[in-house]
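S.K.: Below is my_file.cif; it holds mmCIF, C-alpha atoms.
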```cif
data_protein
loop_
_atom_site.label_atom_id
_atom_site.label_comp_id
_atom_site.auth_asym_id
_atom_site.auth_seq_id
_atom_site.Cartn_x
_atom_site.Cartn_y
_atom_site.Cartn_z
CA MET A 1 83.13 56.06 -115.54
CA ASN A 2 85.98 54.42 -113.56
CA ASP A 3 86.00 50.81 -112.39
CA TRP A 4 85.03 51.72 -108.83
CA SER A 5 81.94 53.62 -110.05
CA CYS A 6 80.84 50.72 -112.29
CA THR A 7 81.27 48.24 -109.46
CA ARG A 8 79.27 50.46 -107.10
CA ALA A 9 76.42 50.93 -109.61
CA PHE A 10 76.30 47.20 -110.31
CA GLY A 11 76.13 46.44 -106.59
CA ILE A 12 73.27 48.88 -106.10
CA ARG A 13 71.38 47.31 -109.02
CA ILE A 14 71.75 43.82 -107.54
CA THR A 15 70.59 45.04 -104.13
CA LEU A 16 67.51 46.71 -105.59
CA THR A 17 66.68 43.63 -107.67
CA ALA A 18 66.95 41.39 -104.63
CA ALA A 19 64.76 43.70 -102.59
CA PHE A 20 62.14 43.78 -105.33
CA PHE A 21 62.20 39.99 -105.61
CA PHE A 22 61.75 39.63 -101.83
CA VAL A 23 58.77 42.01 -101.85
CA PHE A 24 57.28 40.12 -104.81
CA LEU A 25 57.54 36.77 -103.00
CA SER A 26 56.01 38.27 -99.86
CA PHE A 27 53.08 39.62 -101.89
CA GLN A 28 52.55 36.22 -103.55
CA GLU A 29 52.39 34.55 -100.15
CA ALA A 30 49.68 37.03 -99.08
CA ILE A 31 47.37 36.13 -102.00
CA PRO A 32 44.63 33.62 -100.90
CA LYS A 33 44.93 30.21 -102.57
CA ASP A 34 42.18 28.86 -104.80
CA THR A 35 40.34 26.80 -102.18
CA PRO A 36 36.53 26.32 -102.02
CA ALA A 37 34.83 29.28 -100.38
CA GLY A 38 34.88 29.02 -96.62
CA GLN A 39 36.64 25.64 -96.41
CA ASP A 40 39.88 27.19 -95.12
CA LYS A 41 38.05 29.46 -92.68
CA VAL A 42 35.46 27.32 -90.91
CA LYS A 43 35.53 23.92 -89.26
CA LEU A 44 32.36 22.03 -90.15
CA ASP A 45 30.69 19.66 -87.67
CA VAL A 46 29.32 17.51 -90.48
CA PRO A 47 30.52 17.16 -94.10
CA TYR A 48 28.07 18.12 -96.81
CA GLU A 49 25.85 15.20 -97.89
CA PRO A 50 22.48 16.24 -99.35
CA SER A 51 19.30 14.27 -98.73
CA SER A 52 17.67 12.83 -101.83
CA GLU A 53 14.48 14.38 -103.21
CA GLU A 54 12.60 11.28 -102.06
CA ILE A 55 13.86 11.63 -98.47
CA VAL A 56 13.10 15.36 -98.48
CA GLY A 57 9.52 14.57 -99.47
CA ILE A 58 9.19 11.99 -96.71
CA MET A 59 10.59 14.40 -94.09
CA ILE A 60 8.10 17.09 -95.08
CA GLU A 61 5.24 14.58 -95.01
CA VAL A 62 6.23 13.06 -91.66
CA ALA A 63 6.43 16.55 -90.12
CA GLY A 64 2.97 17.40 -91.46
CA VAL A 65 4.23 20.73 -92.77
CA THR A 66 1.52 23.25 -93.70
CA ARG A 67 1.41 26.84 -94.84
CA GLU A 68 1.23 27.92 -91.19
CA ASP A 69 4.63 26.44 -90.31
CA LEU A 70 8.06 27.98 -89.93
CA VAL A 71 10.57 25.28 -90.91
CA TYR A 72 14.18 25.49 -89.68
CA ASP A 73 16.81 23.32 -91.35
CA LEU A 74 19.96 23.09 -89.19
CA GLY A 75 22.83 22.28 -91.53
CA CYS A 76 20.77 23.25 -94.56
CA GLY A 77 23.35 22.48 -97.27
CA ASP A 78 22.01 23.76 -100.59
CA GLY A 79 18.67 24.70 -99.01
CA ARG A 80 16.61 21.98 -100.67
CA ILE A 81 14.47 21.10 -97.63
CA VAL A 82 13.14 24.57 -96.82
CA ILE A 83 12.87 25.42 -100.53
CA THR A 84 10.84 22.27 -101.24
CA ALA A 85 8.65 22.91 -98.18
CA ALA A 86 7.96 26.44 -99.43
CA GLN A 87 7.15 25.19 -102.95
CA LYS A 88 4.91 22.30 -101.91
CA THR A 89 3.12 23.69 -98.85
CA GLY A 90 3.69 27.44 -98.81
CA ALA A 91 5.51 27.19 -95.48
CA ARG A 92 8.14 29.72 -94.50
CA GLY A 93 11.66 28.47 -93.96
CA VAL A 94 15.00 29.32 -92.40
CA GLY A 95 18.20 27.53 -93.39
CA VAL A 96 21.31 27.64 -91.21
CA ASP A 97 24.77 26.47 -92.29
CA LEU A 98 28.31 27.30 -91.26
CA ASP A 99 29.69 26.96 -94.80
CA PRO A 100 29.38 30.21 -96.82
CA LYS A 101 29.52 28.22 -100.08
CA ARG A 102 26.39 26.30 -99.08
CA ILE A 103 24.61 29.51 -98.10
CA GLN A 104 25.33 31.04 -101.50
CA GLU A 105 24.04 27.87 -103.20
CA SER A 106 20.89 28.04 -101.09
CA LEU A 107 20.26 31.66 -102.07
CA ASP A 108 20.83 30.85 -105.74
CA ASN A 109 18.48 27.85 -105.57
CA ALA A 110 15.80 29.83 -103.75
CA MET A 111 15.95 32.51 -106.44
CA LYS A 112 15.61 29.90 -109.20
CA ALA A 113 12.66 28.33 -107.35
CA ASN A 114 11.02 31.75 -106.94
CA VAL A 115 10.57 31.36 -103.17
CA MET A 116 12.80 34.19 -101.93
CA ASP A 117 9.76 35.75 -100.27
CA ARG A 118 9.26 32.58 -98.16
CA VAL A 119 12.79 31.54 -97.13
CA GLN A 120 15.91 32.97 -95.49
CA PHE A 121 19.43 31.59 -95.10
CA PHE A 122 22.06 32.43 -92.50
CA GLN A 123 25.72 31.52 -92.17
CA GLN A 124 25.76 30.68 -88.48
CA ASP A 125 26.69 27.98 -85.99
CA LEU A 126 23.60 25.81 -85.46
CA PHE A 127 24.44 25.60 -81.74
CA GLN A 128 24.32 29.39 -81.45
CA VAL A 129 21.29 30.28 -83.58
CA ASP A 130 17.97 31.06 -81.85
CA ILE A 131 15.58 28.29 -82.89
CA SER A 132 12.69 29.24 -80.60
CA PRO A 133 10.46 30.62 -83.43
CA ALA A 134 10.45 27.26 -85.28
CA THR A 135 7.39 25.03 -85.50
CA VAL A 136 9.34 22.35 -87.41
CA VAL A 137 13.07 21.54 -87.22
CA MET A 138 14.77 19.39 -89.88
CA LEU A 139 18.10 17.59 -89.30
CA TYR A 140 20.55 15.51 -91.27
CA LEU A 141 23.52 15.45 -88.92
CA TRP A 142 25.77 12.84 -87.36
CA PRO A 143 24.59 10.88 -84.27
CA GLU A 144 27.01 12.63 -81.91
CA VAL A 145 25.90 16.02 -83.22
CA ASN A 146 22.24 15.08 -82.65
CA LEU A 147 23.06 14.17 -79.04
CA LYS A 148 24.93 17.43 -78.51
CA LEU A 149 21.99 19.35 -80.01
CA ARG A 150 19.31 17.50 -78.00
CA PRO A 151 19.37 19.71 -74.87
CA LYS A 152 19.06 22.84 -77.01
CA LEU A 153 16.02 21.42 -78.82
CA LEU A 154 14.27 20.57 -75.55
CA ARG A 155 15.23 23.87 -73.94
CA GLU A 156 14.40 26.33 -76.74
CA LEU A 157 11.60 24.81 -78.80
CA LYS A 158 7.96 25.31 -77.85
CA PRO A 159 5.92 22.24 -76.82
CA GLY A 160 4.31 20.78 -79.92
CA THR A 161 7.21 21.66 -82.23
CA ARG A 162 8.04 18.75 -84.55
CA VAL A 163 11.63 17.56 -85.00
CA VAL A 164 12.53 15.33 -87.96
CA SER A 165 15.90 13.63 -88.51
CA HIS A 166 17.17 11.79 -91.57
CA SER A 167 18.98 8.53 -90.65
CA HIS A 168 20.00 9.32 -87.07
CA THR A 169 18.19 9.09 -83.74
CA MET A 170 18.46 11.06 -80.49
CA GLY A 171 19.92 8.32 -78.31
CA SER A 172 17.69 7.52 -75.34
CA TRP A 173 15.03 9.96 -76.56
CA GLU A 174 12.87 7.50 -78.44
CA PRO A 175 11.18 8.77 -81.61
CA ASP A 176 7.41 9.18 -81.73
CA GLN A 177 7.46 7.92 -85.30
CA SER A 178 9.84 6.09 -87.63
CA VAL A 179 9.36 5.77 -91.39
CA ALA A 180 11.47 3.80 -93.87
CA SER A 181 11.99 4.89 -97.47
CA PRO A 182 11.88 2.32 -100.32
CA ASP A 183 15.70 2.15 -100.29
CA GLY A 184 15.74 1.38 -96.55
CA ARG A 185 16.75 4.78 -95.21
CA LYS A 186 15.02 5.86 -91.99
CA VAL A 187 13.32 9.11 -91.07
CA PHE A 188 12.62 9.71 -87.37
CA SER A 189 10.31 12.29 -85.80
CA TRP A 190 9.63 13.67 -82.33
CA VAL A 191 7.16 16.12 -80.84
CA ILE A 192 8.65 18.43 -78.21
CA PRO A 193 6.79 17.64 -74.96
CA ALA A 194 5.85 20.15 -72.31
CA ASN A 195 7.80 19.72 -69.11
CA VAL A 196 5.17 18.49 -66.63
CA THR A 197 7.54 17.23 -63.94
CA GLY A 198 6.96 18.16 -60.34
CA THR A 199 4.12 18.61 -57.88
CA TRP A 200 0.71 19.79 -59.09
CA GLN A 201 -2.29 20.69 -56.89
CA TRP A 202 -5.94 21.45 -57.55
CA ASP A 203 -9.40 21.37 -55.99
CA MET A 204 -12.60 19.99 -57.47
CA PRO A 205 -15.98 21.71 -56.92
CA GLY A 206 -17.97 20.14 -54.05
CA GLU A 207 -15.01 18.08 -52.77
CA LYS A 208 -13.23 18.69 -49.47
CA GLU A 209 -9.92 17.00 -50.22
CA ARG A 210 -7.25 18.62 -52.39
CA TYR A 211 -5.68 16.62 -55.22
CA VAL A 212 -1.86 16.50 -55.19
CA MET A 213 -0.13 14.82 -58.13
CA GLN A 214 3.57 14.06 -58.42
CA ILE A 215 4.77 13.56 -62.03
CA ARG A 216 8.04 12.04 -63.17
CA GLN A 217 9.07 12.48 -66.79
CA GLN A 218 11.85 11.58 -69.20
CA PHE A 219 11.24 13.16 -72.58
CA GLN A 220 7.65 12.24 -73.61
CA ARG A 221 7.40 9.32 -71.13
CA VAL A 222 5.50 10.23 -67.95
CA SER A 223 4.32 8.51 -64.79
CA GLY A 224 2.70 9.80 -61.66
CA VAL A 225 0.79 9.30 -58.44
CA VAL A 226 -2.10 11.26 -56.99
CA ARG A 227 -2.82 11.77 -53.32
CA LEU A 228 -6.36 12.63 -52.33
CA GLY A 229 -6.27 13.59 -48.69
CA PRO A 230 -4.51 10.75 -46.84
CA ASP A 231 -5.08 8.27 -49.68
CA GLU A 232 -3.04 7.50 -52.78
CA VAL A 233 -5.29 6.79 -55.76
CA PRO A 234 -4.33 5.08 -59.03
CA VAL A 235 -3.47 7.12 -62.12
CA ARG A 236 -4.07 5.61 -65.55
CA ASN A 237 -3.34 6.57 -69.16
CA LEU A 238 -1.02 9.44 -68.24
CA GLU A 239 0.20 11.00 -71.49
CA VAL A 240 1.78 14.25 -72.66
CA ARG A 241 1.71 15.27 -76.30
CA GLY A 242 3.10 18.69 -76.96
CA ASN A 243 1.40 20.95 -74.42
CA ARG A 244 -1.58 18.61 -73.95
CA LEU A 245 -1.80 16.43 -70.83
CA GLU A 246 -4.28 13.60 -70.29
CA PHE A 247 -4.81 11.12 -67.47
CA ALA A 248 -7.49 9.31 -65.51
CA VAL A 249 -7.89 8.96 -61.74
CA ASP A 250 -9.85 6.12 -60.12
CA ARG A 251 -11.46 6.89 -56.78
CA PRO A 252 -14.17 5.35 -54.56
CA PHE A 253 -17.51 7.15 -54.79
CA GLN A 254 -20.70 6.12 -52.95
CA GLY A 255 -19.58 2.51 -52.66
CA GLN A 256 -18.37 2.10 -56.23
CA LYS A 257 -15.39 3.05 -58.34
CA GLN A 258 -15.61 6.34 -60.13
CA THR A 259 -13.16 7.50 -62.80
CA LEU A 260 -12.32 11.14 -63.40
CA ARG A 261 -10.81 11.77 -66.81
CA PHE A 262 -8.66 14.91 -66.96
CA THR A 263 -7.56 16.76 -70.10
CA GLY A 264 -5.75 20.07 -70.15
CA ARG A 265 -3.20 22.33 -71.80
CA VAL A 266 0.04 23.11 -70.03
CA LYS A 267 1.25 26.68 -69.87
CA GLY A 268 4.25 27.09 -67.64
CA ASN A 269 3.26 26.23 -64.09
CA HIS A 270 -0.46 26.07 -64.87
CA ILE A 271 -2.81 23.58 -66.50
CA GLU A 272 -6.32 24.46 -67.60
CA GLY A 273 -8.83 22.05 -69.02
CA ALA A 274 -11.76 19.86 -68.14
CA ALA A 275 -12.50 16.90 -65.89
CA GLN A 276 -15.28 14.44 -66.70
CA GLU A 277 -16.84 11.86 -64.38
CA MET A 278 -17.12 8.32 -65.73
CA THR A 279 -19.32 6.06 -63.55
CA ALA A 280 -20.22 2.54 -64.67
CA GLY A 281 -19.57 3.45 -68.28
CA SER A 282 -21.72 6.58 -68.26
CA GLN A 283 -20.30 10.04 -68.87
CA GLN A 284 -21.32 12.95 -66.70
CA GLN A 285 -21.08 16.67 -67.37
CA LYS A 286 -17.57 18.12 -67.67
CA GLN A 287 -16.18 20.42 -65.02
CA THR A 288 -13.50 23.06 -65.34
CA TRP A 289 -10.13 21.89 -64.06
CA LYS A 290 -7.20 24.12 -63.11
CA ALA A 291 -3.95 22.93 -61.57
CA THR A 292 -0.91 24.83 -60.31
CA ARG A 293 2.66 23.53 -60.00
CA ASP A 294 5.25 24.26 -57.35
CA PRO A 295 8.04 25.85 -59.48
CA SER A 296 10.76 24.48 -57.20
CA SER A 297 9.70 20.92 -58.04
CA VAL A 298 10.45 21.13 -61.79
CA MET A 299 13.13 18.76 -63.09
CA PRO A 300 14.93 18.70 -66.48
CA LEU A 301 13.54 16.33 -69.13
CA ASP A 302 16.99 15.25 -70.31
CA SER A 303 18.20 13.71 -67.06
#
```
Could you write out this file's structure as structure tokens?
M.R.:
Amino acid sequence: MNDWSCTRAFGIRITLTAAFFFVFLSFQEAIPKDTPAGQDKVKLDVPYEPSSEEIVGIMIEVAGVTREDLVYDLGCGDGRIVITAAQKTGARGVGVDLDPKRIQESLDNAMKANVMDRVQFFQQDLFQVDISPATVVMLYLWPEVNLKLRPKLLRELKPGTRVVSHSHTMGSWEPDQSVASPDGRKVFSWVIPANVTGTWQWDMPGEKERYVMQIRQQFQRVSGVVRLGPDEVPVRNLEVRGNRLEFAVDRPFQGQKQTLRFTGRVKGNHIEGAAQEMTAGSQQQKQTWKATRDPSSVMPLDS
């Protein structure tokens, strides 16, 4: 082989080697690095920090979880809350977390605890998941995340659903209950109230004048006035707890004050229950009570 042929062959060999090396480097760059599962793919709202077994027990107790409940844990971590609820009470549970590593841990832990028939876990954004089936919602999030989540809780959850948060409150939505653990950590709980804002009307048997009540409400705090014909009559002990509404109305009756005590269950724009006369400390027979609300008068609870 002459010198020109050798030089040409050598040049081709170098070119092929360089091309191979370039392809090799490109392939190496395409291989995923050894990072924790999901950490390079999702942006978490809250870093993983599990609640202690003691706090988990307190949260379940404060919520009054029973076998009839469906417990949602938003930001479920390793699944310990819904798994413990299933073990201790027989409740069903749903865990939601954005981190696939946490979801896999939850599934592994549920299998070890032998509660796979009672719990489910989903890798999903807690702001996007449908929480309407829940009867209990558990949270261990940051304060700003709680505030961002608050409208969704009030909008989607049924009245009477219990919400429990480890350490953090809901801002101006005051908790119905607060419990401290032996180490000083706080657990807060709320009951989702029915929205009873607006104008309600009803008639009572044997009475000519229609009752018209205007209710103002922020979260579970309510106040109202009742007009009976041309007169405004006092309203006392107005309370809403879940879908249950209670109040008392004082009115003049045959020269003395008579109190009507109303109790009822709220269902949309209707309330059905009973009204009982209370005269001079004596209780009279209950009467059926039904009220209807003007839908255009409804206001949001989180105003």
S.K.: Can you turn the PyMOL selection byres ((chain A and resi 72-89) around 9) into a concrete residue list for this file, as a PyMOL selection string?
M.R.: chain A and resi 46+48-51+53+56-57+59-60+65-68+70-71+90-99+101-110+113-116+118-121+125-126+131+133-141
S.K.: List the spatial neighbours of A:Phe188 as a VMD selection string - criterion: any atom at most 10 Å away, only C-alpha atoms, same-chain residues fewer than 2 positions off excluded.
M.R.: chain A and resid 59 62 to 63 139 163 to 170 174 to 180 186 190
S.K.: Taking the file above as input, evaluate the PyMOL selection byres ((chain A and resi 228) around 10) and report the hits as a PyMOL selection string.
M.R.: chain A and resi 203+208-213+225-227+229-233+251
S.K.: Counting only C-alpha atoms, what is within 9 Å of A:Phe127, bar same-chain residues fewer than 4 positions away, as number ranges by chain?
M.R.: A: 148-149, 152
S.K.: Have a look at A:Arg155, A:Arg216, A:Lys267, A:Arg221 and name the one nearest to A:Trp173; count only C-alpha atoms.
M.R.: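 Closest to A:Trp173 of all the choices is A:Arg221.
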S.K.: Mind giving me the straight-line distance from atom CA of A:Gln258 to atom CA of A:Gln287 in Å, one decimal?
M.R.: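 These two atoms are separated by 14.9 Å.
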S.K.: Quote the spacing between atom CA of A:Val187 and atom CA of A:Gly242 in Å to one decimal place.
M.R.: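 Separation between atom CA of A:Val187 and atom CA of A:Gly242: 19.9 Å.
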S.K.: Hey, can you check how far atom CA of A:Thr199 sits from atom CA of A:Ser172?
M.R.: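 Answer for the atom CA of A:Thr199 to atom CA of A:Ser172 separation: 24.7 Å.
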S.K.: Evaluate the PyMOL selection byres ((chain A and resi 219) around 8) against this structure - the residues, as a PDB file with C-alpha atoms, keeping the file's coordinate frame, please.
M.R.:
```pdb
ATOM      1  CA  TRP A 173      15.030   9.960 -76.560  1.00  0.00           C
ATOM      2  CA  PRO A 193       6.790  17.640 -74.960  1.00  0.00           C
ATOM      3  CA  GLN A 217       9.070  12.480 -66.790  1.00  0.00           C
ATOM      4  CA  GLN A 218      11.850  11.580 -69.200  1.00  0.00           C
ATOM      5  CA  GLN A 220       7.650  12.240 -73.610  1.00  0.00           C
ATOM      6  CA  ARG A 221       7.400   9.320 -71.130  1.00  0.00           C
ATOM      7  CA  VAL A 222       5.500  10.230 -67.950  1.00  0.00           C
ATOM      8  CA  LEU A 301      13.540  16.330 -69.130  1.00  0.00           C
ATOM      9  CA  ASP A 302      16.990  15.250 -70.310  1.00  0.00           C
TER      10      ASP A 302
END
```
